[in-house]
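What follows is the content of coords-v4.txt (compact mmCIF, C-alpha atoms).
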```
# COMPACT_ATOMS: atom_id res chain seq x y z
CA MET A 1 -8.76 -14.51 -7.41
CA ARG A 2 -12.47 -14.38 -8.22
CA ALA A 3 -13.26 -13.13 -4.70
CA ASP A 4 -10.95 -10.18 -5.30
CA GLU A 5 -12.74 -9.26 -8.54
CA GLU A 6 -16.09 -9.30 -6.74
CA LEU A 7 -14.70 -7.13 -3.95
CA GLY A 8 -13.63 -4.46 -6.41
CA ARG A 9 -16.95 -3.98 -8.21
CA ASP A 10 -18.29 -1.18 -6.01
CA CYS A 11 -15.02 0.71 -5.57
CA TRP A 12 -15.64 4.46 -5.24
CA TYR A 13 -12.28 5.21 -6.84
CA ALA A 14 -13.36 3.55 -10.08
CA ARG A 15 -16.67 5.45 -10.02
CA SER A 16 -14.92 8.80 -9.47
CA ALA A 17 -12.01 8.32 -11.90
CA PRO A 18 -13.31 6.67 -15.11
CA ARG A 19 -10.67 5.09 -17.30
CA THR A 20 -10.02 7.00 -20.51
CA GLU A 21 -7.09 4.92 -21.80
CA HIS A 22 -6.96 1.20 -22.50
CA HIS A 23 -3.99 -0.96 -23.44
CA ALA A 24 -4.35 -3.85 -25.87
CA PRO A 25 -3.50 -7.41 -24.81
CA LEU A 26 -0.25 -8.86 -26.09
CA ARG A 27 -0.89 -10.92 -29.23
CA THR A 28 2.58 -11.46 -30.72
CA ASP A 29 6.00 -12.45 -29.42
CA VAL A 30 8.17 -9.48 -28.42
CA GLN A 31 11.63 -8.74 -27.08
CA CYS A 32 12.65 -5.94 -24.73
CA ASP A 33 15.32 -4.88 -22.29
CA VAL A 34 13.06 -5.23 -19.22
CA ALA A 35 9.72 -7.00 -18.84
CA ILE A 36 7.62 -6.04 -15.82
CA VAL A 37 4.78 -8.19 -14.47
CA GLY A 38 2.21 -5.96 -12.78
CA ALA A 39 0.93 -2.48 -13.72
CA GLY A 40 0.55 -1.10 -10.22
CA PHE A 41 2.53 1.52 -8.31
CA ALA A 42 5.74 -0.53 -8.12
CA GLY A 43 5.77 -1.83 -11.69
CA LEU A 44 4.87 1.50 -13.29
CA SER A 45 7.35 3.39 -11.12
CA ALA A 46 10.11 1.04 -12.21
CA ALA A 47 9.02 1.43 -15.84
CA ILE A 48 9.23 5.24 -15.60
CA GLU A 49 12.69 5.08 -14.06
CA LEU A 50 13.98 2.54 -16.56
CA ALA A 51 12.57 4.33 -19.60
CA GLY A 52 14.25 7.49 -18.38
CA ARG A 53 17.54 5.59 -18.47
CA GLY A 54 16.98 4.48 -22.06
CA PHE A 55 15.67 0.95 -21.49
CA LYS A 56 13.01 -0.58 -23.72
CA VAL A 57 10.31 -1.64 -21.27
CA THR A 58 7.21 -3.83 -21.62
CA VAL A 59 4.65 -4.01 -18.78
CA LEU A 60 2.27 -6.99 -18.61
CA GLU A 61 -0.91 -6.71 -16.54
CA ALA A 62 -3.34 -9.59 -16.02
CA ARG A 63 -6.30 -7.23 -15.51
CA GLU A 64 -6.25 -3.46 -15.89
CA VAL A 65 -3.75 -0.81 -14.78
CA GLY A 66 -4.18 -0.44 -11.04
CA GLY A 67 -6.67 -3.29 -10.92
CA GLY A 68 -5.26 -4.69 -7.68
CA ALA A 69 -4.25 -3.02 -4.44
CA SER A 70 -2.73 0.03 -6.17
CA GLY A 71 -6.11 1.19 -7.47
CA ARG A 72 -8.31 0.58 -4.45
CA ASN A 73 -6.31 1.00 -1.23
CA GLY A 74 -6.89 3.44 1.61
CA GLY A 75 -4.85 6.17 -0.08
CA GLN A 76 -2.75 6.94 3.01
CA VAL A 77 0.83 8.08 2.35
CA ILE A 78 2.75 7.68 5.61
CA HIS A 79 6.41 7.91 6.63
CA GLY A 80 8.30 4.73 7.50
CA LEU A 81 7.41 1.09 6.94
CA ALA A 82 4.62 -1.20 8.13
CA CYS A 83 6.94 -2.79 10.68
CA ASP A 84 8.42 -1.25 13.81
CA PRO A 85 11.79 0.50 13.21
CA LEU A 86 13.29 -1.89 15.77
CA THR A 87 12.68 -4.76 13.33
CA ILE A 88 14.88 -3.07 10.74
CA GLU A 89 17.48 -1.99 13.29
CA ALA A 90 17.84 -5.55 14.59
CA GLN A 91 18.65 -6.87 11.11
CA LEU A 92 20.55 -4.02 9.49
CA GLY A 93 21.99 -1.96 12.32
CA GLN A 94 21.26 1.67 13.10
CA ALA A 95 23.10 3.22 10.15
CA ASP A 96 21.34 1.23 7.45
CA ALA A 97 18.02 1.43 9.32
CA ARG A 98 18.41 5.20 9.04
CA ARG A 99 19.04 4.81 5.28
CA VAL A 100 15.83 2.79 4.98
CA PHE A 101 13.83 5.39 6.88
CA ASP A 102 15.27 8.23 4.82
CA MET A 103 14.26 6.36 1.66
CA SER A 104 10.71 6.16 3.02
CA ILE A 105 10.70 9.97 3.19
CA GLU A 106 12.16 10.17 -0.30
CA ALA A 107 9.22 7.96 -1.33
CA ILE A 108 6.78 10.69 -0.26
CA GLU A 109 8.81 13.33 -2.07
CA LEU A 110 8.81 11.12 -5.17
CA ILE A 111 5.02 11.29 -5.33
CA HIS A 112 5.16 15.10 -5.38
CA GLU A 113 7.94 14.99 -7.96
CA ARG A 114 5.97 12.69 -10.26
CA CYS A 115 2.76 14.69 -9.91
CA ALA A 116 4.58 17.91 -10.80
CA ARG A 117 6.57 16.44 -13.70
CA PHE A 118 3.69 14.56 -15.33
CA ALA A 119 0.77 16.82 -14.31
CA ILE A 120 -0.97 14.14 -12.23
CA ASP A 121 -3.91 15.46 -10.21
CA CYS A 122 -4.42 12.80 -7.54
CA ASP A 123 -6.34 14.86 -4.94
CA TRP A 124 -3.28 15.19 -2.68
CA GLN A 125 -3.96 16.41 0.87
CA ASP A 126 -1.22 17.11 3.44
CA GLY A 127 -1.33 15.61 6.90
CA TYR A 128 -1.42 12.32 8.81
CA LEU A 129 -2.83 11.87 12.32
CA GLY A 130 -1.77 8.79 14.25
CA VAL A 131 -4.22 8.10 17.08
CA ALA A 132 -4.37 5.82 20.14
CA VAL A 133 -7.52 4.24 21.59
CA ASN A 134 -6.42 4.16 25.24
CA ALA A 135 -3.72 5.41 27.59
CA ALA A 136 -1.48 2.38 27.11
CA LYS A 137 -1.68 2.69 23.32
CA ASP A 138 -0.94 6.41 23.63
CA ARG A 139 2.20 5.71 25.65
CA ALA A 140 3.32 3.36 22.88
CA LEU A 141 2.46 5.95 20.22
CA GLN A 142 4.41 8.70 21.96
CA ALA A 143 7.36 6.37 22.59
CA SER A 144 7.44 5.54 18.89
CA ALA A 145 7.43 9.26 18.05
CA ASP A 146 10.25 9.79 20.56
CA HIS A 147 12.28 7.04 18.88
CA LEU A 148 11.84 8.53 15.42
CA GLU A 149 12.89 11.95 16.64
CA ARG A 150 15.88 10.72 18.64
CA HIS A 151 17.30 8.20 16.16
CA TYR A 152 16.00 9.39 12.78
CA GLY A 153 15.68 13.14 13.20
CA TYR A 154 11.99 12.98 12.29
CA SER A 155 9.75 15.09 14.50
CA MET A 156 5.97 15.17 14.76
CA ARG A 157 3.55 17.26 16.77
CA ARG A 158 2.38 15.57 19.98
CA VAL A 159 -1.33 15.84 20.72
CA ALA A 160 -2.29 15.26 24.35
CA ALA A 161 -5.68 13.95 25.46
CA ALA A 162 -6.69 17.43 26.64
CA GLU A 163 -6.35 18.89 23.14
CA ILE A 164 -7.32 15.95 20.97
CA ASP A 165 -10.78 17.39 20.24
CA GLN A 166 -8.99 20.18 18.33
CA TRP A 167 -7.73 17.53 15.91
CA ILE A 168 -10.48 14.92 15.77
CA ALA A 169 -14.07 15.09 17.03
CA SER A 170 -14.22 11.56 18.41
CA PRO A 171 -14.64 10.18 21.94
CA ARG A 172 -12.58 7.12 21.02
CA TYR A 173 -9.03 8.45 21.24
CA ALA A 174 -6.71 9.17 24.16
CA GLY A 175 -3.85 10.83 22.30
CA ALA A 176 -2.32 11.44 18.89
CA VAL A 177 0.67 12.58 16.86
CA HIS A 178 0.45 14.72 13.73
CA ASP A 179 2.80 14.54 10.74
CA PRO A 180 2.34 17.37 8.22
CA ARG A 181 4.71 15.76 5.66
CA SER A 182 2.67 12.60 5.20
CA GLY A 183 -0.79 12.80 3.67
CA HIS A 184 -3.30 11.08 1.42
CA LEU A 185 -4.39 10.82 -2.21
CA HIS A 186 -6.80 9.21 -4.66
CA PRO A 187 -4.85 6.03 -5.51
CA LEU A 188 -6.56 5.21 -8.79
CA LYS A 189 -6.04 8.71 -10.17
CA TYR A 190 -2.39 8.42 -9.20
CA VAL A 191 -1.77 4.99 -10.75
CA LEU A 192 -3.56 5.97 -13.97
CA GLY A 193 -1.36 9.07 -14.06
CA LEU A 194 1.73 6.88 -13.69
CA ALA A 195 0.56 4.76 -16.62
CA ARG A 196 0.17 7.88 -18.80
CA ALA A 197 3.61 9.03 -17.70
CA ALA A 198 5.17 5.67 -18.57
CA ARG A 199 3.49 5.66 -22.00
CA SER A 200 4.79 9.18 -22.67
CA LEU A 201 8.32 7.88 -22.10
CA GLY A 202 7.91 5.02 -24.58
CA VAL A 203 6.87 2.20 -22.23
CA THR A 204 4.56 -0.43 -23.77
CA ILE A 205 1.71 -1.60 -21.53
CA HIS A 206 -0.45 -4.66 -22.22
CA GLU A 207 -3.59 -5.16 -20.13
CA HIS A 208 -5.51 -8.45 -19.87
CA THR A 209 -2.24 -10.28 -20.43
CA ALA A 210 -1.74 -12.85 -17.68
CA VAL A 211 1.72 -14.35 -17.39
CA THR A 212 1.49 -18.12 -16.88
CA ALA A 213 5.13 -19.19 -16.82
CA LEU A 214 8.60 -17.77 -16.22
CA GLU A 215 11.63 -19.43 -17.77
CA GLN A 216 14.89 -18.17 -16.33
CA GLY A 217 18.13 -17.98 -18.24
CA GLU A 218 20.48 -15.50 -19.84
CA ARG A 219 17.41 -13.88 -21.42
CA PRO A 220 14.36 -14.87 -19.35
CA VAL A 221 11.12 -15.76 -21.14
CA LEU A 222 7.61 -14.91 -19.95
CA ARG A 223 4.80 -17.02 -21.41
CA CYS A 224 1.35 -15.41 -21.52
CA ALA A 225 -2.12 -16.91 -21.40
CA GLY A 226 -2.87 -15.90 -25.01
CA GLY A 227 0.14 -17.80 -26.32
CA ALA A 228 2.51 -14.86 -26.86
CA THR A 229 5.94 -14.71 -25.25
CA VAL A 230 8.17 -11.92 -24.02
CA ARG A 231 11.93 -12.44 -24.07
CA ALA A 232 13.75 -9.86 -21.96
CA GLY A 233 17.19 -8.96 -20.73
CA GLN A 234 15.81 -8.61 -17.21
CA VAL A 235 12.46 -9.25 -15.52
CA LEU A 236 10.69 -7.56 -12.60
CA LEU A 237 7.93 -9.39 -10.74
CA ALA A 238 5.72 -6.69 -9.22
CA GLY A 239 2.39 -8.51 -8.95
CA ASN A 240 2.50 -9.22 -5.20
CA VAL A 241 -0.41 -11.54 -4.26
CA TYR A 242 -1.55 -11.58 -7.89
CA LEU A 243 1.38 -13.54 -9.34
CA GLN A 244 -0.84 -16.64 -9.18
CA GLY A 245 1.89 -19.21 -8.62
CA LEU A 246 4.38 -17.71 -11.08
CA ALA A 247 7.12 -17.81 -8.43
CA PRO A 248 6.20 -20.37 -5.72
CA ALA A 249 9.30 -19.60 -3.66
CA LEU A 250 8.05 -16.03 -3.19
CA ALA A 251 4.44 -16.98 -2.49
CA ARG A 252 5.45 -18.82 0.70
CA ARG A 253 6.80 -15.59 2.20
CA ILE A 254 3.64 -13.51 1.88
CA MET A 255 0.00 -13.95 2.82
CA PRO A 256 -2.97 -12.36 1.05
CA VAL A 257 -4.88 -10.39 3.68
CA GLY A 258 -8.30 -8.99 2.86
CA THR A 259 -8.94 -5.36 3.75
CA TYR A 260 -12.26 -3.57 3.36
CA ILE A 261 -13.32 0.03 2.84
CA ILE A 262 -16.52 2.05 2.68
CA ALA A 263 -17.19 5.53 1.34
CA THR A 264 -20.07 7.54 2.71
CA GLU A 265 -22.36 9.70 0.66
CA ARG A 266 -21.20 13.28 0.29
CA LEU A 267 -21.49 14.91 3.69
CA GLU A 268 -23.02 18.32 4.28
CA PRO A 269 -20.66 21.33 3.95
CA GLY A 270 -18.54 21.78 7.06
CA VAL A 271 -19.06 18.27 8.44
CA VAL A 272 -15.64 16.97 7.40
CA GLU A 273 -13.88 20.00 8.89
CA ALA A 274 -15.83 19.51 12.12
CA LEU A 275 -14.76 15.87 12.31
CA ILE A 276 -11.12 16.26 11.20
CA PRO A 277 -10.24 19.98 11.09
CA SER A 278 -6.88 19.39 9.36
CA ARG A 279 -8.47 17.00 6.80
CA SER A 280 -5.59 14.63 7.55
CA ALA A 281 -5.52 10.91 7.01
CA VAL A 282 -6.07 9.11 10.32
CA CYS A 283 -4.92 5.68 11.49
CA ASP A 284 -4.84 4.08 14.95
CA ASN A 285 -1.93 2.03 16.28
CA ASN A 286 -3.81 -1.19 16.98
CA PHE A 287 -2.40 -4.33 15.40
CA VAL A 288 -5.74 -4.82 13.62
CA LEU A 289 -6.36 -1.20 12.85
CA ASP A 290 -8.90 1.32 11.56
CA TYR A 291 -7.89 3.94 9.01
CA PHE A 292 -9.88 6.74 7.43
CA ARG A 293 -9.67 10.02 5.58
CA PRO A 294 -11.87 12.61 3.89
CA SER A 295 -12.16 12.68 0.13
CA ARG A 296 -11.86 15.86 -1.88
CA ASP A 297 -15.64 15.85 -2.38
CA ASP A 298 -16.39 15.53 1.36
CA ARG A 299 -17.01 11.82 1.84
CA LEU A 300 -15.46 9.86 4.66
CA ILE A 301 -13.47 6.88 3.38
CA PHE A 302 -13.20 4.38 6.23
CA GLY A 303 -11.28 1.11 6.21
CA GLY A 304 -10.69 -1.76 8.60
CA ARG A 305 -11.96 -5.24 9.47
CA ALA A 306 -9.01 -7.11 7.94
CA SER A 307 -9.64 -10.77 7.06
CA TYR A 308 -6.77 -13.23 7.39
CA SER A 309 -8.78 -16.17 6.04
CA ALA A 310 -9.27 -14.79 2.48
CA ILE A 311 -13.02 -15.06 3.12
CA THR A 312 -15.00 -11.82 2.88
CA PRO A 313 -16.78 -11.14 6.21
CA ARG A 314 -20.56 -11.39 6.14
CA HIS A 315 -22.35 -8.05 6.01
CA MET A 316 -19.01 -6.40 5.35
CA ALA A 317 -20.32 -2.88 4.64
CA GLU A 318 -22.52 -2.80 7.72
CA SER A 319 -19.70 -4.14 9.88
CA ILE A 320 -17.38 -1.34 8.79
CA ARG A 321 -20.17 1.23 9.12
CA ARG A 322 -20.54 0.23 12.77
CA ARG A 323 -16.79 0.71 13.28
CA MET A 324 -17.08 4.16 11.68
CA VAL A 325 -19.97 5.15 13.95
CA ALA A 326 -17.99 3.98 16.99
CA VAL A 327 -15.38 6.54 15.98
CA PHE A 328 -17.82 9.24 14.85
CA PRO A 329 -21.29 8.89 16.44
CA GLN A 330 -22.14 12.05 14.48
CA LEU A 331 -22.29 9.89 11.34
CA ALA A 332 -24.92 7.46 12.63
CA SER A 333 -27.35 8.56 9.92
CA ALA A 334 -24.79 8.90 7.10
CA ARG A 335 -25.49 6.54 4.23
CA VAL A 336 -22.80 4.18 2.91
CA ALA A 337 -22.61 4.86 -0.82
CA HIS A 338 -19.86 2.38 -1.78
CA ALA A 339 -18.16 -0.63 -0.21
CA TRP A 340 -15.21 -2.57 -1.61
CA GLY A 341 -12.09 -4.43 -0.67
CA GLY A 342 -9.08 -6.33 -1.91
CA PHE A 343 -5.96 -8.16 -0.85
CA VAL A 344 -2.61 -6.85 0.36
CA ASP A 345 0.60 -8.84 0.66
CA VAL A 346 1.78 -9.21 4.25
CA THR A 347 5.11 -10.69 5.38
CA MET A 348 5.72 -12.44 8.70
CA ASN A 349 7.58 -9.44 10.14
CA ARG A 350 5.71 -6.81 8.06
CA ALA A 351 8.98 -5.63 6.51
CA PRO A 352 9.13 -5.31 2.70
CA ASP A 353 10.63 -8.21 0.74
CA PHE A 354 12.81 -7.15 -2.21
CA GLY A 355 15.36 -9.35 -3.96
CA ARG A 356 16.39 -11.49 -6.92
CA LEU A 357 15.58 -14.91 -8.28
CA GLY A 358 18.78 -15.77 -10.08
CA GLY A 359 20.74 -13.02 -11.74
CA LYS A 360 18.13 -11.62 -14.16
CA VAL A 361 14.82 -11.71 -12.26
CA TYR A 362 14.00 -9.16 -9.56
CA TYR A 363 10.96 -9.00 -7.32
CA LEU A 364 9.19 -6.47 -5.07
CA GLN A 365 6.59 -7.64 -2.56
CA GLY A 366 5.53 -7.61 1.09
CA PHE A 367 4.54 -3.96 1.52
CA SER A 368 2.13 -5.13 4.23
CA GLY A 369 -0.50 -2.46 3.77
CA HIS A 370 1.96 0.43 3.93
CA GLY A 371 2.95 0.67 0.31
CA VAL A 372 1.31 3.70 -1.30
CA ALA A 373 4.58 5.63 -1.10
CA LEU A 374 7.11 2.82 -0.68
CA THR A 375 6.03 1.00 -3.84
CA GLY A 376 7.09 4.00 -5.90
CA MET A 377 10.45 4.13 -4.16
CA ALA A 378 10.87 0.38 -4.67
CA GLY A 379 10.42 0.93 -8.39
CA ARG A 380 13.17 3.52 -8.33
CA LEU A 381 15.52 1.24 -6.38
CA VAL A 382 15.05 -1.77 -8.63
CA ALA A 383 15.58 0.41 -11.70
CA GLU A 384 18.86 1.62 -10.20
CA ALA A 385 19.89 -2.00 -9.63
CA MET A 386 18.98 -3.07 -13.15
CA ALA A 387 20.98 -0.14 -14.50
CA GLY A 388 24.07 -1.26 -12.57
CA ASP A 389 23.89 0.44 -9.14
CA ALA A 390 22.35 -1.94 -6.61
CA SER A 391 23.71 -0.20 -3.52
CA ARG A 392 20.35 1.09 -2.28
CA PHE A 393 18.29 -1.89 -3.47
CA ASP A 394 20.61 -4.26 -1.63
CA VAL A 395 20.00 -2.52 1.69
CA PHE A 396 16.42 -3.76 1.49
CA ALA A 397 17.45 -7.09 -0.07
CA ARG A 398 19.50 -7.86 3.06
CA LEU A 399 16.31 -8.08 5.14
CA LYS A 400 15.63 -11.73 5.97
CA HIS A 401 12.16 -13.24 5.64
CA ARG A 402 10.66 -16.52 6.80
CA ALA A 403 7.94 -18.53 5.13
CA PHE A 404 4.60 -18.57 6.92
CA PRO A 405 4.32 -21.78 8.98
CA GLY A 406 1.92 -24.57 8.20
CA GLY A 407 2.47 -25.09 4.49
CA PRO A 408 -0.19 -24.51 1.82
CA LEU A 409 -3.00 -26.18 3.83
CA LEU A 410 -2.39 -25.01 7.38
CA ARG A 411 -0.78 -21.59 7.17
CA THR A 412 -4.08 -19.73 6.73
CA PRO A 413 -5.79 -21.35 9.77
CA ALA A 414 -2.64 -20.72 11.82
CA LEU A 415 -2.66 -17.06 10.84
CA VAL A 416 -6.37 -16.72 11.68
CA LEU A 417 -5.69 -18.05 15.18
CA GLY A 418 -2.76 -15.67 15.60
CA MET A 419 -4.83 -12.68 14.53
CA ALA A 420 -7.54 -13.62 17.03
CA TRP A 421 -4.93 -13.20 19.75
CA TYR A 422 -3.87 -9.79 18.41
CA ARG A 423 -7.50 -8.63 18.29
CA LEU A 424 -7.86 -9.66 21.94
CA ARG A 425 -4.66 -7.81 22.82
CA ASP A 426 -5.88 -4.67 21.04
CA ALA A 427 -9.00 -4.72 23.22
CA LEU A 428 -7.09 -4.85 26.50
CA PRO A 429 -6.90 -1.48 28.33
CA ILE A 430 -3.37 -2.08 29.63
```
So that I can check it, write out the structure of this file as structure tokens.
Amino acid sequence: MRADEELGRDCWYARSAPRTEHHAPLRTDVQCDVAIVGAGFAGLSAAIELAGRGFKVTVLEAREVGGGASGRNGGQVIHGLACDPLTIEAQLGQADARRVFDMSIEAIELIHERCARFAIDCDWQDGYLGVAVNAAKDRALQASADHLERHYGYSMRRVAAAEIDQWIASPRYAGAVHDPRSGHLHPLKYVLGLARAARSLGVTIHEHTAVTALEQGERPVLRCAGGATVRAGQVLLAGNVYLQGLAPALARRIMPVGTYIIATERLEPGVVEALIPSRSAVCDNNFVLDYFRPSRDDRLIFGGRASYSAITPRHMAESIRRRMVAVFPQLASARVAHAWGGFVDVTMNRAPDFGRLGGKVYYLQGFSGHGVALTGMAGRLVAEAMAGDASRFDVFARLKHRAFPGGPLLRTPALVLGMAWYRLRDALPI
């Protein structure tokens, strides 16, 4: 994806967390217990878990560690999944839906566990503020919070319109909920920390090693662009939209959706606290949403303007700056210092898509823009399954997914039309 490489060039994360470790491309044929395609959150998490169980693990990355969504996302770590809990309940029933939700909370705890164990400083900040842009959206937001508390035992603080200015200095919002257990982090610092952790446990990582073919069998074979091969007892595909046709059956079930982010210049002391006193991550509940958070060095990192056509919007940085100023008119004169983007893997129902291709090849995909925490948990679950206990992995694997309609030529135009309807619906005041 050349467009994706261009989108990542001005990423603030890369400017603020220079790479100090590099991993040589694979040049010779190797054998291992588990081969993992993709050195992002999911692949590296699985590698850490597997190495801890005594497996010999090789990770193959077409670019650099964290070069895709894991290294340049919005950094928001939020309870639950991208889809509505009712989607999971309808397929799995209430008991297993509760198991899924509880695993999403374990996913947040896993980040803290990994940071403590491996001394990863990823700029963690507690707190998530879910906001609503009008009264109807606020009713939906509060109803969702009610559902989580009633059926999942997960409570959040309700913020009424009369007190919202104590939480966010914006005229845009009609209500909010606050979750102190969720939060936000610097994603590139975290994924680079995971890579160091995996290396410390004996995992071999090869960057700039694109996998071009997968041959299934009793010991699957991965063929790489440089001519080398990896023969493994088991394989994990954790490249999401970056698998580049390696598994066509999986590609039909996800769509690459462009998402775009800006980072302001460093704001004057006290400005961030005036805008968001709790320094929480913030996200609205529109279908096509805005999300933002302060950085440790007092920038505002603001994302939105998703593209479902895989074409970068014209004047992308200015477009997002206008969205930011609509939220915070106080930042009308703040300069945009960096602008970047990338692609996330979205499923039809926005539920994650985990499973197997045959008996030896596993895959993790479809995090739908809500994967900073869940990707790590997915790595743990697939490692459990590869080690012989698939009970938790198979809860997710039972979720059914449909291919996007329209086939290779028409599914993108169909999705663009569908998203136009959702944008219209977001704008309605009822």
(request) Write out as an MDAnalysis selection string each polymer residue whose atoms come within 9 Å of region 121-132 of chain A, counting all atoms listed in the file; drop sequence neighbours fewer than 3 positions from it. (result) chainID A and resid 76:78 112 115:116 135:141 167:168 172:191 193 278:286 295:296
Export C-alpha atoms of the chosen residues as a CSV table (one decimal), in the coordinates of the input?
```csv
chain,number,residue,atom,x,y,z
A,76,GLN,CA,-2.8,6.9,3.0
A,77,VAL,CA,0.8,8.1,2.4
A,78,ILE,CA,2.8,7.7,5.6
A,112,HIS,CA,5.2,15.1,-5.4
A,115,CYS,CA,2.8,14.7,-9.9
A,116,ALA,CA,4.6,17.9,-10.8
A,135,ALA,CA,-3.7,5.4,27.6
A,136,ALA,CA,-1.5,2.4,27.1
A,137,LYS,CA,-1.7,2.7,23.3
A,138,ASP,CA,-0.9,6.4,23.6
A,139,ARG,CA,2.2,5.7,25.6
A,140,ALA,CA,3.3,3.4,22.9
A,141,LEU,CA,2.5,6.0,20.2
A,167,TRP,CA,-7.7,17.5,15.9
A,168,ILE,CA,-10.5,14.9,15.8
A,172,ARG,CA,-12.6,7.1,21.0
A,173,TYR,CA,-9.0,8.4,21.2
A,174,ALA,CA,-6.7,9.2,24.2
A,175,GLY,CA,-3.8,10.8,22.3
A,176,ALA,CA,-2.3,11.4,18.9
A,177,VAL,CA,0.7,12.6,16.9
A,178,HIS,CA,0.4,14.7,13.7
A,179,ASP,CA,2.8,14.5,10.7
A,180,PRO,CA,2.3,17.4,8.2
A,181,ARG,CA,4.7,15.8,5.7
A,182,SER,CA,2.7,12.6,5.2
A,183,GLY,CA,-0.8,12.8,3.7
A,184,HIS,CA,-3.3,11.1,1.4
A,185,LEU,CA,-4.4,10.8,-2.2
A,186,HIS,CA,-6.8,9.2,-4.7
A,187,PRO,CA,-4.8,6.0,-5.5
A,188,LEU,CA,-6.6,5.2,-8.8
A,189,LYS,CA,-6.0,8.7,-10.2
A,190,TYR,CA,-2.4,8.4,-9.2
A,191,VAL,CA,-1.8,5.0,-10.8
A,193,GLY,CA,-1.4,9.1,-14.1
A,278,SER,CA,-6.9,19.4,9.4
A,279,ARG,CA,-8.5,17.0,6.8
A,280,SER,CA,-5.6,14.6,7.6
A,281,ALA,CA,-5.5,10.9,7.0
A,282,VAL,CA,-6.1,9.1,10.3
A,283,CYS,CA,-4.9,5.7,11.5
A,284,ASP,CA,-4.8,4.1,15.0
A,285,ASN,CA,-1.9,2.0,16.3
A,286,ASN,CA,-3.8,-1.2,17.0
A,295,SER,CA,-12.2,12.7,0.1
A,296,ARG,CA,-11.9,15.9,-1.9
```
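Taking CA of Glu207 (chain A) and CA of Gly43 (chain A) as the two end points, the separation is 13.0 Å.
For Met103 (chain A), the list of residues within 9 Å, based on all atoms listed in the file and with local chain neighbours fewer than 3 positions off taken out, reads Gly80, Arg98, Arg99, Val100, Glu106, Ala107, Ile108, Leu374, Met377 and Arg392 of chain A.
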What would the file look like if the residues just selected were written as a JSON list (two decimals), in the frame of the given file with C-alpha atoms?
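Saved the output as selection-v8.json:
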```json
[["chain", "number", "residue", "atom", "x", "y", "z"],
["A", 80, "GLY", "CA", 8.30, 4.73, 7.50],
["A", 98, "ARG", "CA", 18.41, 5.20, 9.04],
["A", 99, "ARG", "CA", 19.04, 4.81, 5.28],
["A", 100, "VAL", "CA", 15.83, 2.79, 4.98],
["A", 106, "GLU", "CA", 12.16, 10.17, -0.30],
["A", 107, "ALA", "CA", 9.22, 7.96, -1.33],
["A", 108, "ILE", "CA", 6.78, 10.69, -0.26],
["A", 374, "LEU", "CA", 7.11, 2.82, -0.68],
["A", 377, "MET", "CA", 10.45, 4.13, -4.16],
["A", 392, "ARG", "CA", 20.35, 1.09, -2.28]]
```
(message) Would you compute the distance between CA of Phe367 (chain A) and CA of Tyr242 (chain A)? Give it in Å to one decimal.
(response) 13.6 Å
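Within 10 Å of the point (18.7, -2.2, -6.4), and counting all atoms listed in the file, the protein, DNA and RNA residues are Phe354, Gly355, Arg356, Tyr362, Ala378, Gly379, Arg380, Leu381, Val382, Ala383, Glu384, Ala385, Met386, Ala387, Gly388, Asp389, Ala390, Ser391, Arg392, Phe393, Asp394, Val395, Phe396 and Ala397 of chain A.
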(request) Take the point (-20.3, 6.0, 11.5) in the file's coordinates, draw a sphere of radius 10 Å around it, and report as a PyMOL selection string every protein, DNA or RNA residue with an atom inside or on it, counting all atoms listed in the file. (result) chain A and resi 264+300+302+318+320-336
(message) Which residues are near Arg27 (chain A)? Cut-off 9 Å, all atoms listed in the file, ignore same chain within fewer than 6 positions. Put them as JSON, numbers by chain.
(response) {"A": [209, 226, 227, 228, 229]}
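Taking all atoms listed in the file into account, Leu26 (chain A) lies nearest to A:Cys224 out of the set A:Cys224, A:Ser104, A:Arg266, A:Ser368.
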(message) Let me make sure I understand: among A:Asp298, A:Asp146, A:Asp84, A:Glu61, which one has the smallest atom-to-atom distance to His208 (chain A) if we use only C-alpha atoms?
(response) A:Glu61
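Residue nearest Arg117 (chain A), chosen from A:Leu289, A:Ala198, A:Ala42, A:Val235 and counting only C-alpha atoms: A:Ala198.
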(message) Set the distance at 8 Å and use all atoms listed in the file: which residues neighbour Phe343 (chain A) once local chain neighbours fewer than 4 positions away are removed? I'd like the list as number ranges by chain.
(response) A: 4, 68-69, 241, 256-259
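Interatomic distance, CA of Leu399 (chain A) to CA of Ala213 (chain A): 27.0 Å.
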For region 67-88 of chain A versus region 8-14 of chain A, which residues have an atom no more than 9 Å away, and what is each residue's nearest atom pair and distance in Å rounded to one decimal, using all atoms listed in the file, chain-then-number order, as CSV?
```
residue,atom,partner,partner_atom,distance
A:Gly67,CA,A:Gly8,CA,8.4
A:Gly68,CA,A:Gly8,CA,8.5
A:Gly71,CA,A:Tyr13,CA,7.4
A:Arg72,CA,A:Tyr13,CA,6.6
```
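Nearest-residue note for Val65 (chain A): choosing from A:Asp96, A:Asp102, A:Glu265, A:Glu21, the minimum distance belongs to A:Glu21, counting all atoms listed in the file.
Using all atoms listed in the file, the shortest contact distance between Val346 (chain A) and any of A:Leu237, A:Ala39, A:Leu267, A:Cys83 is found at A:Cys83.
Proximity of A:Asp353, A:Arg293, A:Val221, A:Ser70 to Ser45 (chain A), computed with all atoms listed in the file, is greatest for A:Ser70.
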(message) Which residues are close to Gln244 (chain A), i.e. within 10 Å by all atoms listed in the file, leaving aside same-chain residues fewer than 4 positions away? Reply as a PyMOL selection string.
(response) chain A and resi 1+210-212+239-240+248+251
